[in-house]
>>> print(open('protein_23.txt').read())   # compact mmCIF, C-alpha atoms
# COMPACT_ATOMS: atom_id res chain seq x y z
CA MET A 1 32.17 -2.37 23.09
CA PRO A 2 34.24 -3.53 20.08
CA GLU A 3 33.96 -1.23 17.05
CA LEU A 4 34.62 -2.76 13.66
CA GLY A 5 36.22 -0.98 10.75
CA LYS A 6 34.98 -1.57 7.22
CA GLY A 7 35.74 -5.20 6.22
CA GLU A 8 36.66 -6.34 9.74
CA ASN A 9 34.95 -9.31 11.41
CA ILE A 10 34.46 -10.86 14.82
CA ALA A 11 33.28 -14.30 15.97
CA VAL A 12 29.95 -14.54 17.83
CA GLY A 13 28.15 -17.27 19.72
CA PRO A 14 25.07 -19.22 18.58
CA GLY A 15 22.61 -17.20 20.69
CA THR A 16 20.17 -14.57 19.49
CA ILE A 17 21.74 -11.35 18.19
CA VAL A 18 19.81 -8.07 18.28
CA ALA A 19 20.98 -5.40 15.83
CA GLU A 20 19.82 -1.82 16.50
CA LEU A 21 19.96 1.02 14.00
CA HIS A 22 20.69 4.57 15.15
CA ALA A 23 20.64 7.53 12.75
CA VAL A 24 21.08 11.27 13.28
CA GLY A 25 19.81 13.94 10.90
CA GLY A 26 17.44 11.76 8.86
CA THR A 27 15.30 8.65 8.95
CA VAL A 28 16.94 5.35 7.94
CA ASP A 29 15.04 2.06 7.71
CA LEU A 30 16.56 -1.26 8.78
CA SER A 31 15.97 -4.53 6.94
CA ALA A 32 17.63 -7.92 6.53
CA LEU A 33 18.27 -10.36 3.67
CA LEU A 34 18.68 -14.12 4.12
CA VAL A 35 21.23 -15.04 1.46
CA ALA A 36 22.27 -18.44 0.12
CA ALA A 37 25.81 -19.51 -0.85
CA ASP A 38 25.27 -18.26 -4.43
CA GLY A 39 24.83 -14.68 -3.20
CA LYS A 40 21.07 -14.61 -3.88
CA VAL A 41 17.97 -14.98 -1.75
CA ARG A 42 16.12 -18.28 -2.04
CA SER A 43 12.78 -16.48 -2.57
CA ASP A 44 11.13 -13.12 -1.94
CA ASP A 45 10.29 -14.40 1.56
CA ASP A 46 13.95 -13.83 2.47
CA LEU A 47 13.60 -10.05 2.70
CA VAL A 48 12.69 -9.10 6.29
CA PHE A 49 11.48 -5.50 6.67
CA TYR A 50 8.51 -3.34 7.72
CA ASN A 51 6.14 -5.03 5.21
CA GLN A 52 7.37 -8.58 5.93
CA PRO A 53 8.59 -8.69 9.54
CA SER A 54 9.62 -12.34 9.90
CA ALA A 55 11.34 -15.19 8.08
CA GLU A 56 11.99 -18.85 8.84
CA SER A 57 9.44 -19.04 11.67
CA GLY A 58 10.96 -16.08 13.48
CA ALA A 59 14.63 -16.99 13.06
CA VAL A 60 15.01 -13.44 11.70
CA ARG A 61 12.54 -10.77 12.87
CA HIS A 62 12.09 -7.08 12.18
CA LEU A 63 10.96 -4.95 15.14
CA ALA A 64 9.73 -1.40 14.64
CA ALA A 65 10.99 1.43 16.83
CA ASP A 66 8.99 1.62 20.05
CA ALA A 67 9.38 2.39 23.76
CA ALA A 68 11.79 -0.55 24.07
CA GLY A 69 14.29 0.89 21.60
CA PRO A 70 15.02 1.99 18.03
CA GLU A 71 14.28 -0.09 14.92
CA ARG A 72 16.00 -3.46 15.20
CA VAL A 73 16.43 -6.93 13.71
CA GLU A 74 16.67 -10.09 15.80
CA MET A 75 18.70 -12.99 14.36
CA ASN A 76 18.92 -16.48 15.86
CA PRO A 77 21.75 -18.27 14.01
CA ALA A 78 21.15 -21.53 15.88
CA VAL A 79 17.83 -22.11 14.09
CA LEU A 80 18.68 -20.79 10.63
CA PRO A 81 18.43 -23.52 7.98
CA SER A 82 21.65 -24.84 6.47
CA ASP A 83 20.98 -23.28 3.07
CA VAL A 84 21.14 -19.77 4.56
CA ASP A 85 24.78 -18.77 4.27
CA ARG A 86 24.46 -15.27 5.76
CA VAL A 87 22.06 -12.60 6.96
CA VAL A 88 22.81 -9.14 5.55
CA LEU A 89 21.64 -6.02 7.41
CA VAL A 90 20.63 -3.11 5.20
CA GLY A 91 20.00 0.57 5.93
CA SER A 92 17.88 2.51 3.44
CA CYS A 93 16.24 5.89 2.91
CA ASP A 94 12.48 6.23 2.51
CA PRO A 95 11.55 4.42 -0.75
CA ASP A 96 8.58 6.81 -1.19
CA ASP A 97 10.86 9.88 -1.37
CA ALA A 98 13.50 9.57 -4.10
CA SER A 99 15.04 12.91 -3.08
CA ARG A 100 16.32 11.48 0.23
CA THR A 101 19.92 10.22 0.21
CA PHE A 102 22.52 9.46 2.86
CA ARG A 103 23.95 12.91 2.23
CA ASP A 104 21.04 14.10 4.41
CA VAL A 105 22.02 11.76 7.26
CA GLU A 106 24.72 13.00 9.61
CA ASP A 107 25.53 9.72 11.35
CA VAL A 108 24.56 6.04 11.05
CA LEU A 109 25.42 3.46 13.69
CA VAL A 110 24.47 -0.21 13.90
CA CYS A 111 24.98 -2.04 17.21
CA ALA A 112 24.75 -5.85 17.45
CA ALA A 113 24.24 -7.23 20.95
CA GLN A 114 24.27 -10.83 22.21
CA LEU A 115 23.41 -11.93 25.73
CA GLY A 116 26.56 -12.37 27.81
CA ALA A 117 28.89 -10.71 25.27
CA ASP A 118 30.05 -7.18 24.50
CA SER A 119 28.05 -5.33 21.85
CA VAL A 120 29.63 -4.89 18.44
CA LYS A 121 29.17 -1.58 16.62
CA PHE A 122 29.92 -0.27 13.15
CA ARG A 123 29.68 3.18 11.57
CA PRO A 124 29.69 3.04 7.76
CA PRO A 125 31.82 5.65 6.02
CA SER A 126 30.17 8.88 4.85
CA LEU A 127 28.01 8.33 1.78
CA THR A 128 27.97 11.50 -0.33
CA ASP A 129 27.47 10.26 -3.91
CA GLY A 130 23.68 9.93 -3.88
CA GLU A 131 23.52 6.54 -2.14
CA ARG A 132 20.04 5.64 -0.90
CA ALA A 133 20.86 2.26 0.67
CA VAL A 134 23.88 0.71 2.35
CA LEU A 135 24.96 -2.80 3.29
CA LEU A 136 25.72 -2.35 6.99
CA MET A 137 26.81 -5.65 8.48
CA GLU A 138 26.42 -9.36 7.83
CA LEU A 139 26.13 -12.43 10.03
CA TYR A 140 27.79 -15.30 8.15
CA ARG A 141 28.90 -18.94 8.57
CA ARG A 142 32.46 -20.16 8.75
CA GLY A 143 32.23 -23.89 9.31
CA GLU A 144 30.52 -24.33 12.67
CA THR A 145 31.22 -20.72 13.66
CA TRP A 146 29.19 -17.58 13.08
CA LYS A 147 30.85 -14.22 12.53
CA LEU A 148 29.82 -10.58 12.13
CA ARG A 149 31.47 -8.53 9.38
CA ALA A 150 31.24 -4.80 8.76
CA ILE A 151 30.49 -3.97 5.09
CA GLY A 152 29.63 -0.29 4.42
CA GLN A 153 28.84 -0.60 0.68
CA GLY A 154 26.39 1.99 -0.66
CA TYR A 155 23.72 1.66 -3.38
CA ALA A 156 22.41 4.60 -5.39
CA ASP A 157 19.22 2.73 -6.38
CA GLY A 158 18.04 2.38 -2.80
CA LEU A 159 16.44 -0.67 -1.23
CA ALA A 160 14.69 -1.59 -4.49
CA GLY A 161 17.95 -1.72 -6.48
CA LEU A 162 19.79 -3.55 -3.72
CA ALA A 163 17.00 -6.11 -3.29
CA THR A 164 16.88 -6.68 -7.06
CA ASP A 165 20.63 -7.41 -7.08
CA PHE A 166 20.03 -10.08 -4.46
CA GLY A 167 17.32 -11.72 -6.59
CA ILE A 168 14.09 -10.20 -5.24
CA ASP A 169 11.32 -9.24 -7.66
CA VAL A 170 10.42 -5.67 -6.67
CA ALA A 171 7.42 -3.79 -8.06
CA GLU A 172 8.56 -0.86 -10.19
CA GLU A 173 5.57 1.27 -9.20
CA PRO A 174 4.86 0.46 -5.54
CA GLY A 175 1.20 0.28 -4.68
CA GLU A 176 -0.10 0.09 -8.26
CA PRO A 177 -1.97 -3.09 -9.28
CA GLU A 178 -0.24 -5.48 -11.61
CA GLU A 179 -1.66 -6.22 -15.08
CA PRO A 180 -3.66 -9.47 -14.94
CA ALA A 181 -1.94 -12.46 -16.48
CA GLN A 182 -3.27 -13.70 -19.83
CA ALA A 183 -5.23 -16.95 -19.62
CA THR A 184 -3.65 -20.00 -21.27
CA ASP A 185 -4.91 -23.45 -22.07
CA ALA A 186 -2.33 -25.07 -19.83
CA GLN A 187 -2.90 -24.96 -16.10
CA THR A 188 -0.10 -22.98 -14.48
CA THR A 189 0.49 -21.61 -11.02
CA PRO A 190 -0.04 -17.83 -11.02
CA ALA A 191 3.20 -15.94 -10.54
CA ALA A 192 3.51 -14.14 -7.22
CA PRO A 193 3.14 -10.36 -7.59
CA PRO A 194 6.33 -8.31 -7.25
CA MET A 195 7.10 -7.20 -3.71
CA SER A 196 5.99 -3.67 -2.80
CA LEU A 197 8.39 -1.54 -0.78
CA ARG A 198 5.80 1.16 -0.16
CA LYS A 199 5.33 1.62 3.57
CA PRO A 200 1.92 0.52 4.81
CA PRO A 201 -0.39 2.99 6.55
CA LEU A 202 -0.37 3.03 10.33
CA GLY A 203 -4.02 2.14 10.69
CA THR A 204 -5.67 3.59 13.80
CA ILE A 205 -3.36 3.97 16.80
CA SER A 206 -3.22 5.95 20.05
CA LEU A 207 0.01 7.37 21.44
CA ASP A 208 1.29 6.47 24.87
CA LYS A 209 2.44 9.26 27.14
CA GLY A 210 5.64 10.83 25.82
CA SER A 211 5.76 8.57 22.75
CA GLN A 212 5.92 9.34 19.04
CA VAL A 213 5.19 7.69 15.71
CA SER A 214 6.14 8.39 12.09
CA MET A 215 3.37 8.76 9.53
CA SER A 216 4.67 8.01 6.03
CA LEU A 217 3.78 10.84 3.61
CA ASP A 218 4.57 11.56 -0.02
CA LYS A 219 5.53 15.20 0.38
CA ALA A 220 5.40 15.76 -3.37
CA ASP A 221 1.68 14.86 -3.43
CA ARG A 222 -0.16 18.17 -3.94
CA GLU A 223 -3.50 16.47 -3.21
CA LEU A 224 -2.45 15.27 0.24
CA VAL A 225 -4.10 17.03 3.18
CA VAL A 226 -3.37 16.17 6.82
CA THR A 227 -6.46 16.75 8.97
CA VAL A 228 -6.22 17.58 12.67
CA THR A 229 -9.19 17.67 15.03
CA LEU A 230 -9.39 18.83 18.62
CA GLU A 231 -12.23 16.77 20.08
CA TRP A 232 -13.92 17.18 23.46
CA ASP A 233 -17.30 16.34 24.96
CA GLY A 234 -17.27 18.62 28.00
CA GLY A 235 -16.92 15.70 30.37
CA SER A 236 -20.25 16.04 32.21
CA ASP A 237 -23.43 18.12 32.31
CA GLN A 238 -22.08 20.02 35.30
CA ARG A 239 -18.82 20.68 33.52
CA ARG A 240 -20.64 21.88 30.41
CA ARG A 241 -22.85 24.25 32.43
CA LYS A 242 -19.74 25.94 33.86
CA GLY A 243 -18.34 26.36 30.38
CA ALA A 244 -16.46 24.02 28.08
CA ASP A 245 -15.24 26.20 25.23
CA LEU A 246 -11.87 24.93 24.04
CA ASP A 247 -9.93 26.46 21.16
CA LEU A 248 -7.48 24.74 18.83
CA TYR A 249 -4.29 26.66 18.10
CA ALA A 250 -1.69 25.60 15.52
CA LEU A 251 1.69 27.26 16.09
CA PHE A 252 3.82 26.63 13.02
CA VAL A 253 7.34 27.01 11.66
CA PRO A 254 7.54 26.85 7.82
CA ALA A 255 10.04 24.50 6.21
CA SER A 256 12.01 27.48 4.88
CA VAL A 257 13.05 28.56 8.39
CA ALA A 258 12.87 25.26 10.30
CA LEU A 259 16.12 24.20 11.99
CA ARG A 260 17.55 20.97 13.38
CA GLY A 261 18.99 21.94 16.75
CA GLU A 262 20.94 20.24 19.49
CA ARG A 263 17.73 19.07 21.17
CA PRO A 264 15.19 16.77 19.49
CA PRO A 265 12.01 18.43 18.21
CA GLY A 266 9.32 18.49 20.88
CA THR A 267 11.80 19.03 23.73
CA LEU A 268 10.43 21.30 26.46
CA ILE A 269 12.81 24.11 27.33
CA THR A 270 12.87 27.04 29.72
CA ALA A 271 13.93 30.62 29.04
CA ASN A 272 17.49 30.06 30.29
CA LYS A 273 17.97 26.97 28.08
CA ARG A 274 17.13 28.40 24.68
CA SER A 275 19.57 27.29 22.00
CA ARG A 276 19.49 30.69 20.28
CA PRO A 277 21.49 33.91 20.32
CA ALA A 278 20.82 36.32 23.20
CA SER A 279 19.66 38.96 20.75
CA ASP A 280 16.66 36.78 19.91
CA SER A 281 15.48 36.39 23.50
CA ASP A 282 13.15 39.39 23.50
CA THR A 283 11.55 38.17 20.29
CA ALA A 284 10.97 34.75 21.84
CA LYS A 285 9.39 36.29 24.95
CA LYS A 286 6.90 38.10 22.75
CA GLY A 287 5.85 34.83 21.15
CA LYS A 288 7.47 35.42 17.76
CA GLY A 289 9.08 31.97 17.76
CA ALA A 290 6.30 30.76 15.45
CA ASP A 291 3.26 32.00 13.57
CA VAL A 292 -0.19 30.81 14.55
CA VAL A 293 -3.53 29.75 13.07
CA TYR A 294 -6.54 30.04 15.41
CA TYR A 295 -10.11 31.40 15.58
CA LYS A 296 -9.05 34.99 14.76
CA ARG A 297 -6.60 33.99 12.03
CA LEU A 298 -8.03 31.04 10.17
CA GLY A 299 -5.20 30.71 7.62
CA SER A 300 -5.38 29.40 4.05
CA LEU A 301 -4.94 26.13 2.16
CA LYS A 302 -4.31 27.74 -1.23
CA ASN A 303 -1.64 30.17 -0.06
CA ARG A 304 0.85 30.29 2.79
CA PRO A 305 0.79 28.97 5.43
CA PHE A 306 -1.20 26.15 3.71
CA ILE A 307 -2.89 25.58 7.07
CA ARG A 308 -6.53 26.45 7.74
CA LEU A 309 -8.87 26.19 10.72
CA ASP A 310 -12.48 25.51 9.69
CA GLY A 311 -13.95 27.74 12.39
CA ASP A 312 -14.63 28.27 16.09
CA ALA A 313 -16.78 25.74 17.96
CA ARG A 314 -18.02 27.38 21.16
CA VAL A 315 -19.66 24.26 22.55
CA PRO A 316 -18.25 20.76 23.10
CA GLY A 317 -17.64 18.92 19.87
CA ARG A 318 -14.64 19.47 17.65
CA GLU A 319 -12.53 22.05 15.84
CA THR A 320 -10.91 20.95 12.60
CA LEU A 321 -7.64 22.09 11.08
CA ARG A 322 -6.30 21.11 7.65
CA ILE A 323 -2.63 21.11 6.66
CA ALA A 324 -1.72 21.05 2.95
CA ARG A 325 1.63 21.10 1.15
CA PRO A 326 3.66 19.02 3.63
CA ASP A 327 6.77 20.01 1.66
CA GLN A 328 6.22 23.60 2.88
CA GLN A 329 5.80 22.65 6.55
CA GLY A 330 8.49 22.45 9.21
CA TYR A 331 6.89 22.03 12.63
CA VAL A 332 3.27 22.39 13.76
CA LEU A 333 2.50 22.52 17.50
CA LEU A 334 -1.11 21.70 18.36
CA CYS A 335 -2.36 23.46 21.48
CA ALA A 336 -5.69 23.90 23.26
CA TYR A 337 -6.81 27.00 25.14
CA SER A 338 -9.49 26.87 27.83
CA ALA A 339 -11.62 29.93 27.11
CA VAL A 340 -14.37 32.02 28.74
CA SER A 341 -15.02 31.15 32.40
CA ASN A 342 -14.24 27.48 32.13
CA GLY A 343 -13.59 27.23 35.86
CA PHE A 344 -10.90 24.98 37.25
CA GLY A 345 -11.47 21.67 35.50
CA SER A 346 -8.60 19.88 33.80
CA PHE A 347 -8.41 19.54 30.01
CA ARG A 348 -8.67 15.81 30.52
CA SER A 349 -11.95 16.28 32.41
CA PHE A 350 -13.33 17.92 29.22
CA GLY A 351 -12.54 14.70 27.32
CA ALA A 352 -10.01 16.60 25.17
CA LYS A 353 -7.79 14.84 22.63
CA VAL A 354 -6.16 15.53 19.27
CA VAL A 355 -6.65 13.25 16.26
CA VAL A 356 -4.32 13.44 13.22
CA THR A 357 -5.12 11.63 9.96
CA ASP A 358 -3.69 11.66 6.43
CA GLY A 359 -6.88 10.33 4.82
CA ARG A 360 -4.80 7.46 3.40
CA GLY A 361 -5.19 4.89 6.16
CA SER A 362 -3.19 6.44 9.03
CA THR A 363 -5.02 7.93 12.03
CA VAL A 364 -3.16 8.86 15.23
CA THR A 365 -4.97 9.84 18.42
CA VAL A 366 -3.03 11.92 20.94
CA PRO A 367 -4.80 11.68 24.32
CA LEU A 368 -4.22 13.53 27.60
CA TYR A 369 -3.15 11.59 30.68
CA GLU A 370 -2.85 14.21 33.45
CA ASN A 371 -5.62 15.78 35.55
CA THR A 372 -3.79 19.11 35.82
CA LYS A 373 -6.20 21.86 36.95
CA THR A 374 -6.30 25.66 36.86
CA ARG A 375 -4.38 25.78 33.59
CA TYR A 376 -5.43 27.76 30.55
CA TRP A 377 -3.06 26.19 28.03
CA VAL A 378 -1.92 22.72 27.07
CA ALA A 379 0.52 21.88 24.25
CA ILE A 380 -0.80 18.48 23.16
CA ALA A 381 1.17 17.29 20.13
CA LEU A 382 3.97 18.32 17.79
CA VAL A 383 3.85 17.30 14.12
CA ASP A 384 7.41 17.29 12.74
CA PHE A 385 7.33 17.52 8.95
CA THR A 386 11.16 17.61 8.80
CA ASP A 387 11.10 13.87 9.59
CA GLY A 388 12.50 11.88 6.68
CA ASP A 389 9.63 9.37 6.81
CA GLY A 390 7.00 12.05 6.32
CA ALA A 391 5.68 13.41 9.61
CA ALA A 392 6.65 12.41 13.15
CA ILE A 393 3.85 12.95 15.65
CA HIS A 394 5.04 13.54 19.23
CA HIS A 395 2.91 13.33 22.37
CA ILE A 396 3.79 16.51 24.33
CA GLU A 397 1.13 17.24 27.01
CA ALA A 398 2.79 20.28 28.57
CA TYR A 399 0.70 22.69 30.66
CA SER A 400 1.04 26.38 31.30
CA ALA A 401 1.85 27.62 34.79
CA ARG A 402 -1.01 28.00 37.24
CA MET A 403 -3.41 30.80 36.28
CA THR A 404 -1.22 32.25 33.51
CA GLU A 405 -2.72 33.19 30.14
CA ARG A 406 0.61 33.30 28.29
CA ARG A 407 0.56 31.26 25.10
CA PRO A 408 3.19 28.57 24.44
CA VAL A 409 6.01 29.32 21.99
CA LEU A 410 7.30 27.04 19.23
CA HIS A 411 10.92 27.77 18.33
CA PRO A 412 12.44 27.30 14.84
CA ASP A 413 14.23 24.12 15.98
CA GLY A 414 10.95 22.51 17.08
CA THR A 415 11.56 22.97 20.80
CA VAL A 416 8.63 24.12 22.91
CA GLU A 417 8.60 26.79 25.60
CA MET A 418 5.58 27.25 27.85
CA ASN A 419 4.47 30.56 29.43
CA ALA A 420 6.52 32.63 26.98
CA GLY A 421 4.01 33.89 24.41
CA PRO A 422 1.58 36.78 24.33
CA VAL A 423 -1.62 37.06 26.37
CA GLU A 424 -4.87 37.36 24.45
CA PHE A 425 -8.22 37.00 26.17
CA LYS A 426 -11.17 35.53 24.31
CA ARG A 427 -14.44 37.41 24.70
CA ARG A 428 -17.87 36.45 23.45
>>> encode(input="protein_23.txt", output="C-alpha cells")
Amino acid sequence: MPELGKGENIAVGPGTIVAELHAVGGTVDLSALLVAADGKVRSDDDLVFYNQPSAESGAVRHLAADAAGPERVEMNPAVLPSDVDRVVLVGSCDPDDASRTFRDVEDVLVCAAQLGADSVKFRPPSLTDGERAVLLMELYRRGETWKLRAIGQGYADGLAGLATDFGIDVAEEPGEPEEPAQATDAQTTPAAPPMSLRKPPLGTISLDKGSQVSMSLDKADRELVVTVTLEWDGGSDQRRRKGADLDLYALFVPASVALRGERPPGTLITANKRSRPASDSDTAKKGKGADVVYYKRLGSLKNRPFIRLDGDARVPGRETLRIARPDQQGYVLLCAYSAVSNGFGSFRSFGAKVVVTDGRGSTVTVPLYENTKTRYWVAIALVDFTDGDGAAIHHIEAYSARMTERRPVLHPDGTVEMNAGPVEFKRR
C-alpha cells in the first residue's frame, strides 16, 4: 500500500475511488469539495457531506459509517463534468462543539482504494495549533490523467471557515432561521439560504446486533436531557403469571475519571484481561468499577451524578431514566435484572428493549436478539459520552453466567466485565 508524504502525488485510473477516514482518540467527519479551476466551488451544491450526501448525480457520494466500514467518500472521475478541476477531501471536528480540535485526535488516516490497484494512504502531520479542519487529499486532473495528492493543511476555523474560503455561503448560526428578505417592486429570485453545517438528528432507528451509532449532542446545553427507557411487555399471559419484574440499572463512570484504554469502549473482558494494575483487581471484583443508579438509589438530576431513575415498575411496562449534564458523563452502561421468581424465560421473551432519545429528534432503540435462558443479568447498551460527536450508543447484549446473581461491572475505560459485581437480591 503506497503511503504518500505531504505534497506527494500518484497517478490513478479512471475507475471509482473510495476514500475511507480512520481516526483514533476523537471523532473526525469526512467531506468533499468539488472545485473548479479558479479554486472555488461552482455553487453550494459542490459540498458533499452528512447534510448533502451526493453531487453531480452521484459522481461524488458521502457514505456514513456503518457495518460495511468507516465514513467514506466515493469519487468517480470518469463521470465528473469538465468544469470540475479537482475533488478535495476534508477532515473536520464536530461543528457543534467549538472546543474540539485536532489536538484531541491521536491519529488520522485517509485510505483511497481503487478496484484492481493498491490502496493509497496518507497521514497528515500532527495539528496542535487549534486546527479544527484539515485538507487531507485531493483528486485532480492533469490533462487526461487523474492523480491523488496528499495535502495536510489545517484550518483553525473548522469546516465553516474552510468552506467559506472555497466560496460556500455558510450560515453563521447553524439551525437558526434566516431573516426574511424585504419585498421589492422588482421580481427577483429569492436567494438560497446559507448552508447549515449542524448535524441532523438521527430520526428513529434500531441498532443491529453488535452495532453502534453516534447521537450528536451539544454538551454545553444545560437544558439537554437524554432519556432512557427499559421497556417490556412480559411476552405472554403465562410469562406474566410466573413473574415479569425487570429492573433497569445504570452503571456509570463520570467524565472526571473516564479513561480511553487500549480496547474500545463496550469491549467485553474477563478477569484475566483487565487493562488495570493488579492492585485494583480486588476493587473490580467487588463491583467498584462504576457507581450505579437503580431502584434503591434513584440518583439526582440537580446534583451528581446528574442521572435519575423515575422509580420501580414491578409489572410489565417501562422504567425511565434521565441523564442530564452530558459534559459530566463518561460512560453509562444500561443493564436489566430479572427479579423475584421470574423463572427461566429469556429477557427477549419478556419483550425487553432499551430506547434512548435526546428529545431533539434522535431516538435509538437497542433490541435483544438472543433467547438466552436462566440468566439474571443482561448488559444491553453502553452510552459513551466521551465520543467527540456527542454520545455513541453501542449494542452490547452480554449475559451473566448461568444462575449467577453477580452484577456486571463497568470499568473506567468503558470496558464491560460480566459476573464480577456484587450480589444483591430483590425482595418484595
>>> atom_distance(input="protein_23.txt", atom1="atom CA of Gly58 of chain A", atom2="atom CA of Gly388 of chain A")
28.8 Å
>>> residues_around(input="protein_23.txt", residues="segment 371-382 of chain A", least_positions_apart="3", cutoff="6 Å", atoms="only C-alpha atoms", output="PDB file with C-alpha atoms, keeping the file's coordinate frame")
ATOM      1  CA  VAL A 332       3.270  22.390  13.760  1.00  0.00           C
ATOM      2  CA  LEU A 333       2.500  22.520  17.500  1.00  0.00           C
ATOM      3  CA  LEU A 334      -1.110  21.700  18.360  1.00  0.00           C
ATOM      4  CA  CYS A 335      -2.360  23.460  21.480  1.00  0.00           C
ATOM      5  CA  ALA A 336      -5.690  23.900  23.260  1.00  0.00           C
ATOM      6  CA  TYR A 337      -6.810  27.000  25.140  1.00  0.00           C
ATOM      7  CA  SER A 338      -9.490  26.870  27.830  1.00  0.00           C
ATOM      8  CA  PHE A 344     -10.900  24.980  37.250  1.00  0.00           C
ATOM      9  CA  GLY A 345     -11.470  21.670  35.500  1.00  0.00           C
ATOM     10  CA  SER A 346      -8.600  19.880  33.800  1.00  0.00           C
ATOM     11  CA  ARG A 348      -8.670  15.810  30.520  1.00  0.00           C
ATOM     12  CA  ILE A 393       3.850  12.950  15.650  1.00  0.00           C
ATOM     13  CA  HIS A 394       5.040  13.540  19.230  1.00  0.00           C
ATOM     14  CA  HIS A 395       2.910  13.330  22.370  1.00  0.00           C
ATOM     15  CA  ILE A 396       3.790  16.510  24.330  1.00  0.00           C
ATOM     16  CA  GLU A 397       1.130  17.240  27.010  1.00  0.00           C
ATOM     17  CA  ALA A 398       2.790  20.280  28.570  1.00  0.00           C
ATOM     18  CA  TYR A 399       0.700  22.690  30.660  1.00  0.00           C
ATOM     19  CA  SER A 400       1.040  26.380  31.300  1.00  0.00           C
ATOM     20  CA  ARG A 402      -1.010  28.000  37.240  1.00  0.00           C
ATOM     21  CA  MET A 403      -3.410  30.800  36.280  1.00  0.00           C
TER      22      MET A 403
END
>>> residues_around(input="protein_23.txt", residues="Arg318 of chain A", least_positions_apart="2", cutoff="10 Å", atoms="all atoms listed in the file", output="PyMOL selection string")
chain A and resi 228-233+246-248+311-316+320-321+352-354
>>> closest_residue(input="protein_23.txt", among="A:Met215, A:Ala244, A:Val383, A:Leu251", to="Leu202 of chain A", atoms="all atoms listed in the file")
A:Met215
>>> residues_near_point(input="protein_23.txt", point="(11.0, -0.7, 18.4)", cutoff="12 Å", atoms="all atoms listed in the file", output="list in words")
Val18, Ala19, Glu20, Leu21, His22, Asp29, Leu30, Tyr50, Arg61, His62, Leu63, Ala64, Ala65, Asp66, Ala67, Ala68, Gly69, Pro70, Glu71, Arg72, Val73, Glu74, Ser211, Gln212 and Val213 of chain A
>>> closest_residue(input="protein_23.txt", among="A:Ile17, A:Ser43, A:Asp165, A:Phe385", to="Asn76 of chain A", atoms="all atoms listed in the file")
A:Ile17
>>> atom_distance(input="protein_23.txt", atom1="atom CA of Glu370 of chain A", atom2="atom CA of Pro408 of chain A")
18.0 Å
>>> closest_residue(input="protein_23.txt", among="A:Val416, A:Gly158, A:Gln329, A:Gly351", to="Gly317 of chain A", atoms="all atoms listed in the file")
A:Gly351
>>> residues_around(input="protein_23.txt", residues="Ser362 of chain A", least_positions_apart="4", cutoff="8 Å", atoms="all atoms listed in the file", output="PDB file with C-alpha atoms, in the coordinates of the input")
ATOM      1  CA  PRO A 201      -0.390   2.990   6.550  1.00  0.00           C
ATOM      2  CA  LEU A 202      -0.370   3.030  10.330  1.00  0.00           C
ATOM      3  CA  GLY A 203      -4.020   2.140  10.690  1.00  0.00           C
ATOM      4  CA  THR A 204      -5.670   3.590  13.800  1.00  0.00           C
ATOM      5  CA  MET A 215       3.370   8.760   9.530  1.00  0.00           C
ATOM      6  CA  THR A 357      -5.120  11.630   9.960  1.00  0.00           C
ATOM      7  CA  ASP A 358      -3.690  11.660   6.430  1.00  0.00           C
TER       8      ASP A 358
END
>>> closest_residue(input="protein_23.txt", among="A:Phe122, A:Phe252, A:Phe425, A:Phe306", to="Asp291 of chain A", atoms="only C-alpha atoms")
A:Phe252
>>> residues_around(input="protein_23.txt", residues="segment 131-144 of chain A", least_positions_apart="3", cutoff="6 Å", atoms="only C-alpha atoms", output="CSV table (one decimal) with C-alpha atoms, keeping the file's coordinate frame")
chain,number,residue,atom,x,y,z
A,85,ASP,CA,24.8,-18.8,4.3
A,86,ARG,CA,24.5,-15.3,5.8
A,87,VAL,CA,22.1,-12.6,7.0
A,88,VAL,CA,22.8,-9.1,5.6
A,89,LEU,CA,21.6,-6.0,7.4
A,90,VAL,CA,20.6,-3.1,5.2
A,91,GLY,CA,20.0,0.6,5.9
A,92,SER,CA,17.9,2.5,3.4
A,93,CYS,CA,16.2,5.9,2.9
A,101,THR,CA,19.9,10.2,0.2
A,102,PHE,CA,22.5,9.5,2.9
A,147,LYS,CA,30.8,-14.2,12.5
A,148,LEU,CA,29.8,-10.6,12.1
A,149,ARG,CA,31.5,-8.5,9.4
A,150,ALA,CA,31.2,-4.8,8.8
A,151,ILE,CA,30.5,-4.0,5.1
A,152,GLY,CA,29.6,-0.3,4.4
A,153,GLN,CA,28.8,-0.6,0.7
A,154,GLY,CA,26.4,2.0,-0.7
A,155,TYR,CA,23.7,1.7,-3.4
A,156,ALA,CA,22.4,4.6,-5.4
A,158,GLY,CA,18.0,2.4,-2.8
A,159,LEU,CA,16.4,-0.7,-1.2
>>> closest_residue(input="protein_23.txt", among="A:Glu319, A:Asp169, A:Glu405, A:Asp413", to="Glu262 of chain A", atoms="all atoms listed in the file")
A:Asp413
>>> atom_distance(input="protein_23.txt", atom1="atom CA of Gly39 of chain A", atom2="atom CA of Asp94 of chain A")
24.9 Å
>>> closest_residue(input="protein_23.txt", among="A:Met195, A:Val366, A:Ala117, A:Leu301", to="Ile10 of chain A", atoms="only C-alpha atoms")
A:Ala117
>>> residues_around(input="protein_23.txt", residues="Pro14 of chain A", least_positions_apart="6", cutoff="10 Å", atoms="all atoms listed in the file", output="ChimeraX atom specification")
/A:75-79,114,144-147
>>> build_atoms(input="protein_23.txt", residues="segment 319-323 of chain A", atoms="N, CA and C atoms", output="short mmCIF file (atom, residue, chain, number, x, y, z; two decimals), keeping the file's coordinate frame")
data_model
loop_
_atom_site.label_atom_id
_atom_site.label_comp_id
_atom_site.auth_asym_id
_atom_site.auth_seq_id
_atom_site.Cartn_x
_atom_site.Cartn_y
_atom_site.Cartn_z
N GLU A 319 -13.04 21.04 16.76
CA GLU A 319 -12.53 22.05 15.84
C GLU A 319 -11.56 21.34 14.90
N THR A 320 -11.66 21.68 13.62
CA THR A 320 -10.91 20.95 12.60
C THR A 320 -9.94 21.87 11.89
N LEU A 321 -8.72 21.37 11.74
CA LEU A 321 -7.64 22.09 11.08
C LEU A 321 -7.13 21.23 9.94
N ARG A 322 -6.84 21.86 8.79
CA ARG A 322 -6.30 21.11 7.65
C ARG A 322 -4.93 21.67 7.29
N ILE A 323 -4.01 20.75 7.00
CA ILE A 323 -2.63 21.11 6.66
C ILE A 323 -2.33 20.56 5.27
#
